[in-house]
$ cat my_file_22.cif   # mmCIF, C-alpha atoms
data_data
#
loop_
_atom_site.label_atom_id
_atom_site.label_comp_id
_atom_site.auth_asym_id
_atom_site.auth_seq_id
_atom_site.Cartn_x
_atom_site.Cartn_y
_atom_site.Cartn_z
CA MET A 188 -18.27 5.08 -4.90
CA GLU A 189 -18.48 1.72 -6.68
CA TYR A 190 -15.84 -0.71 -5.41
CA VAL A 191 -15.44 -4.25 -6.75
CA SER A 192 -12.61 -6.55 -5.68
CA ARG A 193 -11.52 -10.17 -5.87
CA VAL A 194 -8.56 -12.38 -5.04
CA PRO A 195 -6.56 -13.41 -8.14
CA ARG A 196 -5.98 -17.00 -9.22
CA PRO A 197 -2.76 -18.88 -8.37
CA PRO A 198 0.10 -18.18 -8.50
CA LEU A 199 -0.79 -14.47 -8.32
CA ASP A 200 -2.57 -15.00 -5.00
CA GLY A 201 0.84 -15.56 -3.40
CA LEU A 202 1.85 -12.04 -4.47
CA ILE A 203 -1.40 -10.08 -4.45
CA ASP A 204 -4.08 -9.55 -1.81
CA ASP A 205 -6.74 -8.43 -4.27
CA LEU A 206 -7.53 -6.79 -7.60
CA TYR A 207 -10.05 -3.95 -7.47
CA TYR A 208 -12.15 -1.57 -9.55
CA LEU A 209 -12.96 1.90 -8.20
CA GLU A 210 -15.28 4.50 -9.73
CA GLY A 211 -17.15 7.53 -8.46
CA VAL A 212 -16.70 10.62 -6.35
CA PRO A 213 -14.05 10.31 -3.62
CA PRO A 214 -15.07 11.15 -0.04
CA TYR A 215 -12.35 13.83 0.19
CA ALA A 216 -10.24 15.67 -2.37
CA ARG A 217 -7.05 14.55 -0.61
CA LEU A 218 -6.42 11.44 1.44
CA THR A 219 -3.46 10.56 3.64
CA LEU A 220 -2.34 6.93 3.43
CA PRO A 221 -0.23 5.80 6.41
CA PRO A 222 2.43 3.17 5.66
CA MET A 223 1.30 -0.44 5.40
CA PRO A 224 3.34 -3.60 4.78
CA GLY A 225 2.15 -3.72 1.20
CA ALA A 226 2.44 -2.07 -2.21
CA LEU A 227 0.14 -0.62 -4.86
CA LEU A 228 -0.24 -0.74 -8.63
CA ILE A 229 -2.98 1.43 -10.13
CA VAL A 230 -4.03 1.83 -13.75
CA ASN A 231 -5.80 5.17 -14.07
CA LEU A 232 -8.73 5.48 -16.48
CA GLY A 233 -9.83 9.00 -15.63
CA ALA A 234 -8.30 12.42 -15.10
CA PRO A 235 -4.83 12.50 -13.51
CA PHE A 236 -4.49 11.92 -9.81
CA ARG A 237 -1.91 13.57 -7.60
CA ILE A 238 0.55 12.07 -5.15
CA ARG A 239 2.75 13.72 -2.59
CA ALA A 240 5.20 11.17 -1.18
CA GLY A 241 6.14 13.01 2.00
CA ALA A 242 5.97 16.54 3.38
CA ASP A 243 9.35 17.44 1.88
CA ILE A 244 8.38 16.39 -1.67
CA GLU A 245 6.29 18.34 -4.16
CA THR A 246 2.98 16.94 -5.39
CA ALA A 247 3.18 15.26 -8.81
CA GLU A 248 0.51 14.30 -11.34
CA TYR A 249 0.07 10.72 -12.53
CA VAL A 250 -1.86 10.35 -15.77
CA ASP A 251 -1.59 6.65 -16.65
CA GLY A 252 -1.39 5.28 -13.13
CA CYS A 253 1.26 4.58 -10.53
CA VAL A 254 3.45 1.98 -8.87
CA VAL A 255 4.12 2.38 -5.15
CA THR A 256 6.48 -0.01 -3.38
CA MET A 257 6.16 -0.45 0.39
CA PRO A 258 6.34 3.08 1.84
CA THR A 259 8.22 4.09 4.98
CA ARG A 260 6.09 7.18 5.63
CA ALA A 261 2.61 8.47 4.95
CA PHE A 262 1.86 9.86 1.53
CA GLU A 263 -0.93 12.04 0.23
CA PHE A 264 -3.22 10.87 -2.56
CA GLY A 265 -5.50 13.22 -4.50
CA TYR A 266 -8.28 11.63 -6.56
CA PRO A 267 -9.83 13.50 -9.50
CA VAL A 268 -13.58 14.10 -9.42
CA PRO A 269 -14.94 11.76 -10.58
CA THR A 270 -12.33 9.00 -10.52
CA ARG A 271 -12.09 5.67 -12.34
CA SER A 272 -9.31 3.11 -12.04
CA VAL A 273 -8.37 -0.53 -11.61
CA GLY A 274 -5.65 -1.51 -9.22
CA VAL A 275 -3.86 -4.13 -7.21
CA HIS A 276 -3.24 -4.32 -3.48
CA VAL A 277 0.09 -6.13 -3.47
CA LYS A 278 1.84 -8.01 -0.67
CA ALA A 279 5.07 -6.37 0.49
CA TRP A 280 7.19 -8.61 -1.77
CA GLY A 281 4.62 -8.97 -4.53
CA LEU A 282 5.74 -6.25 -6.95
CA ALA A 283 9.24 -7.69 -7.45
CA PRO A 284 8.31 -10.13 -10.28
CA PHE A 285 6.79 -7.24 -12.25
CA LEU A 286 9.57 -4.66 -11.83
CA PRO A 287 12.54 -4.15 -14.17
CA MET A 288 14.54 -2.51 -11.37
CA PRO A 289 15.31 -3.22 -7.69
CA ALA A 290 12.45 -2.16 -5.41
CA ALA A 291 14.90 -0.07 -3.36
CA GLU A 292 15.13 2.38 -6.27
CA LEU A 293 11.41 3.14 -5.86
CA CYS A 294 11.27 3.35 -2.05
CA ASP A 295 9.13 6.41 -1.19
CA ARG A 296 9.34 7.41 -4.87
CA PRO A 297 6.07 6.52 -6.65
CA VAL A 298 6.49 6.20 -10.42
CA THR A 299 4.09 6.00 -13.33
CA ILE A 300 3.26 2.60 -14.78
CA GLU A 301 4.75 3.88 -18.03
CA GLN A 302 8.13 4.15 -16.29
CA VAL A 303 7.89 0.48 -15.33
CA TRP A 304 6.18 -1.21 -18.29
CA GLY A 305 6.74 1.27 -21.13
CA ARG A 306 4.48 3.78 -22.87
CA ALA A 307 3.17 1.62 -25.70
CA ALA A 308 2.29 -1.36 -23.50
CA VAL A 309 0.50 0.78 -20.91
CA ALA A 310 -1.43 2.73 -23.55
CA GLU A 311 -2.61 -0.54 -25.11
CA LEU A 312 -3.64 -1.92 -21.70
CA ARG A 313 -5.56 1.25 -20.80
CA ASP A 314 -7.40 1.12 -24.15
CA ARG A 315 -8.46 -2.49 -23.53
CA LEU A 316 -9.59 -1.70 -20.00
CA ALA A 317 -11.57 1.34 -21.12
CA ALA A 318 -13.38 -0.77 -23.75
CA ALA A 319 -14.16 -3.63 -21.35
CA ASP A 320 -17.73 -4.63 -20.53
CA GLY A 321 -17.85 -3.81 -16.83
CA PRO A 322 -15.66 -4.23 -13.73
CA ASP A 323 -15.44 -8.03 -13.81
CA GLU A 324 -14.04 -8.07 -17.33
CA MET A 325 -11.64 -5.26 -16.44
CA LEU A 326 -10.28 -7.20 -13.47
CA THR A 327 -9.85 -10.27 -15.69
CA LEU A 328 -7.89 -8.20 -18.23
CA LEU A 329 -5.63 -6.83 -15.52
CA GLU A 330 -5.14 -10.28 -14.03
CA ASP A 331 -4.21 -11.68 -17.46
CA GLU A 332 -1.71 -8.85 -17.95
CA LEU A 333 -0.08 -9.62 -14.62
CA MET A 334 0.07 -13.33 -15.43
CA ARG A 335 1.74 -12.52 -18.73
CA ARG A 336 4.34 -10.31 -17.02
CA LEU A 337 5.05 -12.65 -14.12
CA SER A 338 8.76 -13.50 -14.07
CA GLU A 339 11.10 -15.69 -12.04
CA THR A 340 12.68 -13.67 -9.23
CA ALA A 341 15.77 -14.82 -7.35
CA GLY A 342 15.28 -14.89 -3.60
CA LEU A 343 11.50 -14.45 -3.73
CA GLY A 344 10.79 -17.60 -1.73
CA LEU A 345 13.17 -16.52 1.04
CA VAL A 346 11.74 -13.01 1.23
CA SER A 347 8.07 -14.01 1.05
CA HIS A 348 8.45 -16.72 3.71
CA THR A 349 10.39 -14.46 6.08
CA SER A 350 8.00 -11.54 5.50
CA SER A 351 5.02 -13.77 6.27
CA LEU A 352 6.61 -14.77 9.59
CA ILE A 353 7.25 -11.12 10.44
CA TRP A 354 3.61 -10.19 9.75
CA ALA A 355 2.30 -13.24 11.63
CA THR A 356 4.08 -12.05 14.78
CA GLY A 357 2.98 -8.45 14.35
CA GLY A 358 6.62 -7.49 13.85
CA ALA A 359 7.60 -8.87 17.26
CA VAL A 360 10.33 -11.25 16.12
CA ALA A 361 14.12 -11.18 16.24
CA ILE A 362 15.43 -10.76 12.70
CA GLY A 363 18.61 -12.60 13.62
CA ASP A 364 16.53 -15.65 14.53
CA LEU A 365 14.77 -15.52 11.16
CA SER A 366 18.01 -15.32 9.17
CA ALA A 367 19.49 -18.17 11.20
CA ALA A 368 16.40 -20.32 10.64
CA ALA A 369 16.60 -19.58 6.90
CA GLY A 370 20.28 -20.54 6.84
CA VAL A 371 21.50 -17.18 5.52
CA SER A 372 23.39 -14.27 7.04
CA SER A 373 21.58 -11.17 8.28
CA THR A 374 23.45 -9.20 5.62
CA HIS A 375 22.23 -11.49 2.83
CA LEU A 376 18.66 -11.35 4.11
CA ALA A 377 18.74 -7.56 4.32
CA GLN A 378 20.12 -7.33 0.78
CA ARG A 379 17.38 -9.54 -0.63
CA PHE A 380 14.71 -7.54 1.21
CA LYS A 381 16.06 -4.27 -0.17
CA GLU A 382 16.06 -5.69 -3.71
CA LEU A 383 12.57 -7.19 -3.61
CA ILE A 384 10.65 -5.05 -1.09
CA GLY A 385 12.72 -1.89 -0.90
CA VAL A 386 13.33 -1.95 2.86
CA THR A 387 15.22 -4.08 5.37
CA PRO A 388 13.57 -6.83 7.47
CA LYS A 389 13.84 -4.60 10.54
CA ARG A 390 11.98 -1.82 8.77
CA LEU A 391 9.29 -4.25 7.63
CA ALA A 392 8.92 -5.51 11.20
CA ARG A 393 8.54 -1.96 12.46
CA THR A 394 5.85 -1.23 9.88
CA CYS A 395 4.05 -4.51 10.62
CA ARG A 396 3.91 -3.71 14.33
CA PHE A 397 2.54 -0.24 13.64
CA ALA A 398 -0.03 -1.52 11.13
CA ALA A 399 -1.22 -4.36 13.35
CA THR A 400 -1.61 -1.95 16.26
CA VAL A 401 -3.53 0.65 14.27
CA LEU A 402 -5.82 -1.94 12.68
CA SER A 403 -6.75 -3.16 16.17
CA ILE A 404 -8.11 0.28 17.14
CA ASP A 405 -11.89 0.65 17.17
CA PRO A 406 -12.38 4.39 16.56
CA ALA A 407 -16.04 4.14 17.49
CA GLY A 408 -15.22 3.29 21.11
CA PRO A 409 -12.84 4.42 23.89
CA VAL A 410 -9.15 3.62 23.49
CA ASP A 411 -6.83 2.66 26.35
CA TRP A 412 -3.57 3.90 24.85
CA GLY A 413 -1.37 2.49 27.60
CA GLU A 414 -2.85 -0.98 27.24
CA LEU A 415 -2.67 -0.79 23.45
CA ALA A 416 1.00 0.28 23.47
CA GLY A 417 1.98 -2.38 25.98
CA GLY A 418 0.14 -5.13 24.15
CA ALA A 419 1.90 -4.22 20.92
CA GLY A 420 5.33 -4.47 22.55
CA TYR A 421 6.25 -0.79 22.63
CA PHE A 422 8.56 0.24 25.49
CA ASP A 423 6.01 2.69 26.84
CA GLN A 424 3.31 5.08 25.71
CA ALA A 425 5.88 7.74 24.77
CA HIS A 426 7.62 5.28 22.42
CA PHE A 427 4.26 4.43 20.90
CA GLY A 428 3.45 8.10 20.39
CA HIS A 429 6.82 8.72 18.75
CA GLU A 430 6.26 5.85 16.31
CA PHE A 431 2.75 7.10 15.54
CA ARG A 432 4.02 10.56 14.63
CA ALA A 433 6.86 9.08 12.58
CA PHE A 434 4.44 7.02 10.50
CA THR A 435 1.47 9.39 10.22
CA GLY A 436 2.55 12.87 11.27
CA LEU A 437 -0.24 12.69 13.85
CA THR A 438 -0.58 11.97 17.54
CA PRO A 439 -2.59 8.84 18.34
CA THR A 440 -5.50 10.87 19.70
CA ARG A 441 -5.57 13.11 16.63
CA TYR A 442 -5.52 10.01 14.40
CA VAL A 443 -8.61 8.64 16.13
CA GLU A 444 -10.36 12.01 15.85
CA ILE A 445 -9.81 11.98 12.08
CA ARG A 446 -10.95 8.35 11.78
CA ARG A 447 -14.10 9.29 13.67
CA ARG A 448 -14.67 12.18 11.30
CA PHE A 449 -14.54 9.76 8.33
CA LEU A 450 -17.00 7.41 10.04
CA ARG A 451 -19.32 10.29 10.89
CA GLU A 452 -19.28 11.95 7.47
CA HIS A 453 -19.14 8.80 5.29
CA PRO A 454 -20.51 5.82 7.22
CA GLY A 455 -19.98 2.50 5.47
CA HIS A 456 -17.78 4.01 2.74
CA ALA A 457 -15.67 1.61 0.68
CA LEU A 458 -12.45 3.48 1.49
CA GLU A 459 -13.00 3.79 5.25
CA GLY A 460 -10.50 1.93 7.38
CA TRP A 461 -7.05 3.09 6.35
CA PRO A 462 -7.03 6.33 4.31
CA LEU A 463 -7.53 9.52 6.31
CA PRO A 464 -8.94 12.89 5.21
CA ALA A 465 -5.96 15.17 4.49
CA ASP A 466 -8.02 18.38 4.48
#

$ encode --input "my_file_22.cif" --output "structure tokens"
Amino acid sequence: MEYVSRVPRPPLDGLIDDLYYLEGVPPYARLTLPPMPGALLIVNLGAPFRIRAGADIETAEYVDGCVVTMPTRAFEFGYPVPTRSVGVHVKAWGLAPFLPMPAAELCDRPVTIEQVWGRAAVAELRDRLAAADGPDEMLTLLEDELMRRLSETAGLGLVSHTSSLIWATGGAVAIGDLSAAAGVSSTHLAQRFKELIGVTPKRLARTCRFAATVLSIDPAGPVDWGELAGGAGYFDQAHFGHEFRAFTGLTPTRYVEIRRRFLREHPGHALEGWPLPAD
């Protein structure tokens, strides 16, 4: 697959990790994406892709693209063959300035971009992207669109600063201490988080701890699960295993087996690292 990415210019870089272009044949028909402390915005330029946001939810097709606020559970993503899209890896709080509704309304409920920005605007954007002269121009067009839609958002500074502290500690921080340091009540902080991220600070901290722990695993080598769990601040290995199943539906050992399968079957692939084969 062809994958091109870059960091956007200020002030978007305070909201977005990177803009990317993706084209080609996916490594697997279905991929499982465990929760991360981030969000997604994808403009689809090919056949529809399919998303299943949890085992208890039916798979739905997304023609124009999708908006996914920070998830609380793994979701399944099915790419068409071939696939072509441009997208944005967004910081946990980064979608808020582009949404017409509170992020809590979209928690674990991916929506089409049309539902967020309107049919006519999205159709016009997709036409311009499809006519662009290569990935770099496409990323510039998407960046310009985001700059144009950037809006003032009440409480964004509070939420972004507090979220950054939570991530910096790997989720190992007392939320009460953060609200006290910010000079607001825990209730006010939780309300702002729900509005702008879709989850509470405690939920974000839980996700950050899980993500930081998983990203520290080297699937190519042996894993000392007891040491890993203790270093991440879990009560014990059983607590760690429970969290792993809650976030991925897998045991830690099964997760590593699937990661190793990806490495073995598609070494050096652009998507290796977080998505897992769902088949």

$ resolve_selection --input "my_file_22.cif" --expression "the PyMOL selection byres ((chain A and resi 329-336) around 8)" --output "compact mmCIF listing (two decimals) with C-alpha atoms, in the frame of the given file"
# COMPACT_ATOMS: atom_id res chain seq x y z
CA PRO A 195 -6.56 -13.41 -8.14
CA LEU A 199 -0.79 -14.47 -8.32
CA LEU A 206 -7.53 -6.79 -7.60
CA VAL A 273 -8.37 -0.53 -11.61
CA PRO A 284 8.31 -10.13 -10.28
CA PHE A 285 6.79 -7.24 -12.25
CA LEU A 316 -9.59 -1.70 -20.00
CA MET A 325 -11.64 -5.26 -16.44
CA LEU A 326 -10.28 -7.20 -13.47
CA THR A 327 -9.85 -10.27 -15.69
CA LEU A 328 -7.89 -8.20 -18.23
CA LEU A 337 5.05 -12.65 -14.12
CA SER A 338 8.76 -13.50 -14.07

$ atom_distance --input "my_file_22.cif" --atom1 "CA of Leu312 (chain A)" --atom2 "CA of Pro224 (chain A)"
27.4 Å

$ residues_around --input "my_file_22.cif" --residues "region 214-221 of chain A" --least-positions-apart "3" --cutoff "10 Å" --atoms "all atoms listed in the file" --output "ChimeraX atom specification"
/A:188,211,236-240,258-268,394,397-398,401,431,433-436,449,452-453,456-459,461-466

$ write_last_selection --input "my_file_22.cif" --atoms "C-alpha atoms" --output "PDB file, keeping the file's coordinate frame"
ATOM      1  CA  MET A 188     -18.270   5.080  -4.900  1.00  0.00           C
ATOM      2  CA  GLY A 211     -17.150   7.530  -8.460  1.00  0.00           C
ATOM      3  CA  PHE A 236      -4.490  11.920  -9.810  1.00  0.00           C
ATOM      4  CA  ARG A 237      -1.910  13.570  -7.600  1.00  0.00           C
ATOM      5  CA  ILE A 238       0.550  12.070  -5.150  1.00  0.00           C
ATOM      6  CA  ARG A 239       2.750  13.720  -2.590  1.00  0.00           C
ATOM      7  CA  ALA A 240       5.200  11.170  -1.180  1.00  0.00           C
ATOM      8  CA  PRO A 258       6.340   3.080   1.840  1.00  0.00           C
ATOM      9  CA  THR A 259       8.220   4.090   4.980  1.00  0.00           C
ATOM     10  CA  ARG A 260       6.090   7.180   5.630  1.00  0.00           C
ATOM     11  CA  ALA A 261       2.610   8.470   4.950  1.00  0.00           C
ATOM     12  CA  PHE A 262       1.860   9.860   1.530  1.00  0.00           C
ATOM     13  CA  GLU A 263      -0.930  12.040   0.230  1.00  0.00           C
ATOM     14  CA  PHE A 264      -3.220  10.870  -2.560  1.00  0.00           C
ATOM     15  CA  GLY A 265      -5.500  13.220  -4.500  1.00  0.00           C
ATOM     16  CA  TYR A 266      -8.280  11.630  -6.560  1.00  0.00           C
ATOM     17  CA  PRO A 267      -9.830  13.500  -9.500  1.00  0.00           C
ATOM     18  CA  VAL A 268     -13.580  14.100  -9.420  1.00  0.00           C
ATOM     19  CA  THR A 394       5.850  -1.230   9.880  1.00  0.00           C
ATOM     20  CA  PHE A 397       2.540  -0.240  13.640  1.00  0.00           C
ATOM     21  CA  ALA A 398      -0.030  -1.520  11.130  1.00  0.00           C
ATOM     22  CA  VAL A 401      -3.530   0.650  14.270  1.00  0.00           C
ATOM     23  CA  PHE A 431       2.750   7.100  15.540  1.00  0.00           C
ATOM     24  CA  ALA A 433       6.860   9.080  12.580  1.00  0.00           C
ATOM     25  CA  PHE A 434       4.440   7.020  10.500  1.00  0.00           C
ATOM     26  CA  THR A 435       1.470   9.390  10.220  1.00  0.00           C
ATOM     27  CA  GLY A 436       2.550  12.870  11.270  1.00  0.00           C
ATOM     28  CA  PHE A 449     -14.540   9.760   8.330  1.00  0.00           C
ATOM     29  CA  GLU A 452     -19.280  11.950   7.470  1.00  0.00           C
ATOM     30  CA  HIS A 453     -19.140   8.800   5.290  1.00  0.00           C
ATOM     31  CA  HIS A 456     -17.780   4.010   2.740  1.00  0.00           C
ATOM     32  CA  ALA A 457     -15.670   1.610   0.680  1.00  0.00           C
ATOM     33  CA  LEU A 458     -12.450   3.480   1.490  1.00  0.00           C
ATOM     34  CA  GLU A 459     -13.000   3.790   5.250  1.00  0.00           C
ATOM     35  CA  TRP A 461      -7.050   3.090   6.350  1.00  0.00           C
ATOM     36  CA  PRO A 462      -7.030   6.330   4.310  1.00  0.00           C
ATOM     37  CA  LEU A 463      -7.530   9.520   6.310  1.00  0.00           C
ATOM     38  CA  PRO A 464      -8.940  12.890   5.210  1.00  0.00           C
ATOM     39  CA  ALA A 465      -5.960  15.170   4.490  1.00  0.00           C
ATOM     40  CA  ASP A 466      -8.020  18.380   4.480  1.00  0.00           C
TER      41      ASP A 466
END

$ atom_distance --input "my_file_22.cif" --atom1 "CA of His276 (chain A)" --atom2 "CA of Asp205 (chain A)"
5.5 Å

$ resolve_selection --input "my_file_22.cif" --expression "the PyMOL selection byres ((chain A and resi 351-366) around 10)" --output "PyMOL selection string"
chain A and resi 224+278-280+345-350+367-377+387-400+419-421

$ residues_around --input "my_file_22.cif" --residues "Ala283 (chain A)" --least-positions-apart "5" --cutoff "9 Å" --atoms "all atoms listed in the file" --output "JSON, numbers by chain"
{"A": [288, 289, 290, 338, 340, 343, 382, 383, 384]}

$ write_last_selection --input "my_file_22.cif" --atoms "C-alpha atoms" --output "mmCIF file, keeping the file's coordinate frame"
data_model
loop_
_atom_site.group_PDB
_atom_site.id
_atom_site.type_symbol
_atom_site.label_atom_id
_atom_site.label_comp_id
_atom_site.auth_asym_id
_atom_site.auth_seq_id
_atom_site.Cartn_x
_atom_site.Cartn_y
_atom_site.Cartn_z
ATOM 1 C CA MET A 288 14.540 -2.510 -11.370
ATOM 2 C CA PRO A 289 15.310 -3.220 -7.690
ATOM 3 C CA ALA A 290 12.450 -2.160 -5.410
ATOM 4 C CA SER A 338 8.760 -13.500 -14.070
ATOM 5 C CA THR A 340 12.680 -13.670 -9.230
ATOM 6 C CA LEU A 343 11.500 -14.450 -3.730
ATOM 7 C CA GLU A 382 16.060 -5.690 -3.710
ATOM 8 C CA LEU A 383 12.570 -7.190 -3.610
ATOM 9 C CA ILE A 384 10.650 -5.050 -1.090
#

$ atom_distance --input "my_file_22.cif" --atom1 "CA of Ala317 (chain A)" --atom2 "CA of Asp295 (chain A)"
29.2 Å

$ closest_residue --input "my_file_22.cif" --among "A:Leu209, A:Val254, A:Ile203, A:His426" --to "Thr438 (chain A)" --atoms "only C-alpha atoms"
A:His426

$ residues_around --input "my_file_22.cif" --residues "Asp411 (chain A)" --least-positions-apart "6" --cutoff "12 Å" --atoms "only C-alpha atoms" --output "list in words"
Ser403, Ile404, Asp405, Gly417, Gly418, Gln424, Pro439, Thr440 and Val443 of chain A

$ closest_residue --input "my_file_22.cif" --among "A:Gly281, A:Gly305, A:Pro409, A:Gly252" --to "Gly344 (chain A)" --atoms "only C-alpha atoms"
A:Gly281

$ decode --input "my_file_22.cif" --residues "region 343-360 of chain A" --atoms "N, CA, C and O atoms" --output "compact mmCIF listing (two decimals), in the first residue's frame"
# COMPACT_ATOMS: atom_id res chain seq x y z
N LEU A 343 -11.50 24.28 25.38
CA LEU A 343 -10.52 23.46 24.66
C LEU A 343 -9.14 23.51 25.31
O LEU A 343 -8.45 22.49 25.41
N GLY A 344 -8.74 24.69 25.77
CA GLY A 344 -7.44 24.81 26.42
C GLY A 344 -7.34 23.97 27.67
O GLY A 344 -6.33 23.29 27.90
N LEU A 345 -8.39 23.97 28.48
CA LEU A 345 -8.44 23.17 29.70
C LEU A 345 -8.34 21.68 29.38
O LEU A 345 -7.54 20.94 29.98
N VAL A 346 -9.12 21.24 28.41
CA VAL A 346 -9.17 19.82 28.07
C VAL A 346 -7.88 19.36 27.41
O VAL A 346 -7.35 18.28 27.74
N SER A 347 -7.33 20.14 26.51
CA SER A 347 -6.10 19.73 25.83
C SER A 347 -4.93 19.68 26.80
O SER A 347 -4.12 18.75 26.77
N HIS A 348 -4.83 20.66 27.69
CA HIS A 348 -3.73 20.69 28.66
C HIS A 348 -3.83 19.50 29.61
O HIS A 348 -2.84 18.79 29.85
N THR A 349 -5.02 19.27 30.15
CA THR A 349 -5.21 18.16 31.09
C THR A 349 -5.00 16.82 30.41
O THR A 349 -4.38 15.91 30.97
N SER A 350 -5.48 16.68 29.18
CA SER A 350 -5.30 15.43 28.43
C SER A 350 -3.82 15.15 28.18
O SER A 350 -3.37 14.00 28.27
N SER A 351 -3.07 16.20 27.86
CA SER A 351 -1.64 16.04 27.61
C SER A 351 -0.92 15.55 28.86
O SER A 351 -0.01 14.72 28.78
N LEU A 352 -1.33 16.04 30.03
CA LEU A 352 -0.74 15.60 31.29
C LEU A 352 -1.08 14.13 31.56
O LEU A 352 -0.24 13.36 32.03
N ILE A 353 -2.31 13.75 31.25
CA ILE A 353 -2.72 12.36 31.45
C ILE A 353 -1.89 11.44 30.57
O ILE A 353 -1.40 10.40 31.02
N TRP A 354 -1.70 11.81 29.30
CA TRP A 354 -0.92 10.97 28.38
C TRP A 354 0.55 10.93 28.80
O TRP A 354 1.20 9.87 28.74
N ALA A 355 1.08 12.07 29.26
CA ALA A 355 2.49 12.13 29.64
C ALA A 355 2.82 11.20 30.80
O ALA A 355 3.94 10.73 30.94
N THR A 356 1.83 10.95 31.65
CA THR A 356 2.03 10.05 32.80
C THR A 356 1.60 8.62 32.49
O THR A 356 1.59 7.77 33.38
N GLY A 357 1.21 8.36 31.26
CA GLY A 357 0.72 7.03 30.91
C GLY A 357 -0.56 6.68 31.62
O GLY A 357 -0.86 5.51 31.85
N GLY A 358 -1.34 7.71 31.96
CA GLY A 358 -2.61 7.49 32.65
C GLY A 358 -2.48 7.33 34.15
O GLY A 358 -3.49 7.20 34.86
N ALA A 359 -1.25 7.36 34.66
CA ALA A 359 -1.02 7.15 36.09
C ALA A 359 -1.00 8.48 36.83
O ALA A 359 0.04 8.92 37.32
N VAL A 360 -2.15 9.13 36.91
CA VAL A 360 -2.25 10.41 37.58
C VAL A 360 -3.62 10.50 38.25
O VAL A 360 -4.61 9.97 37.72
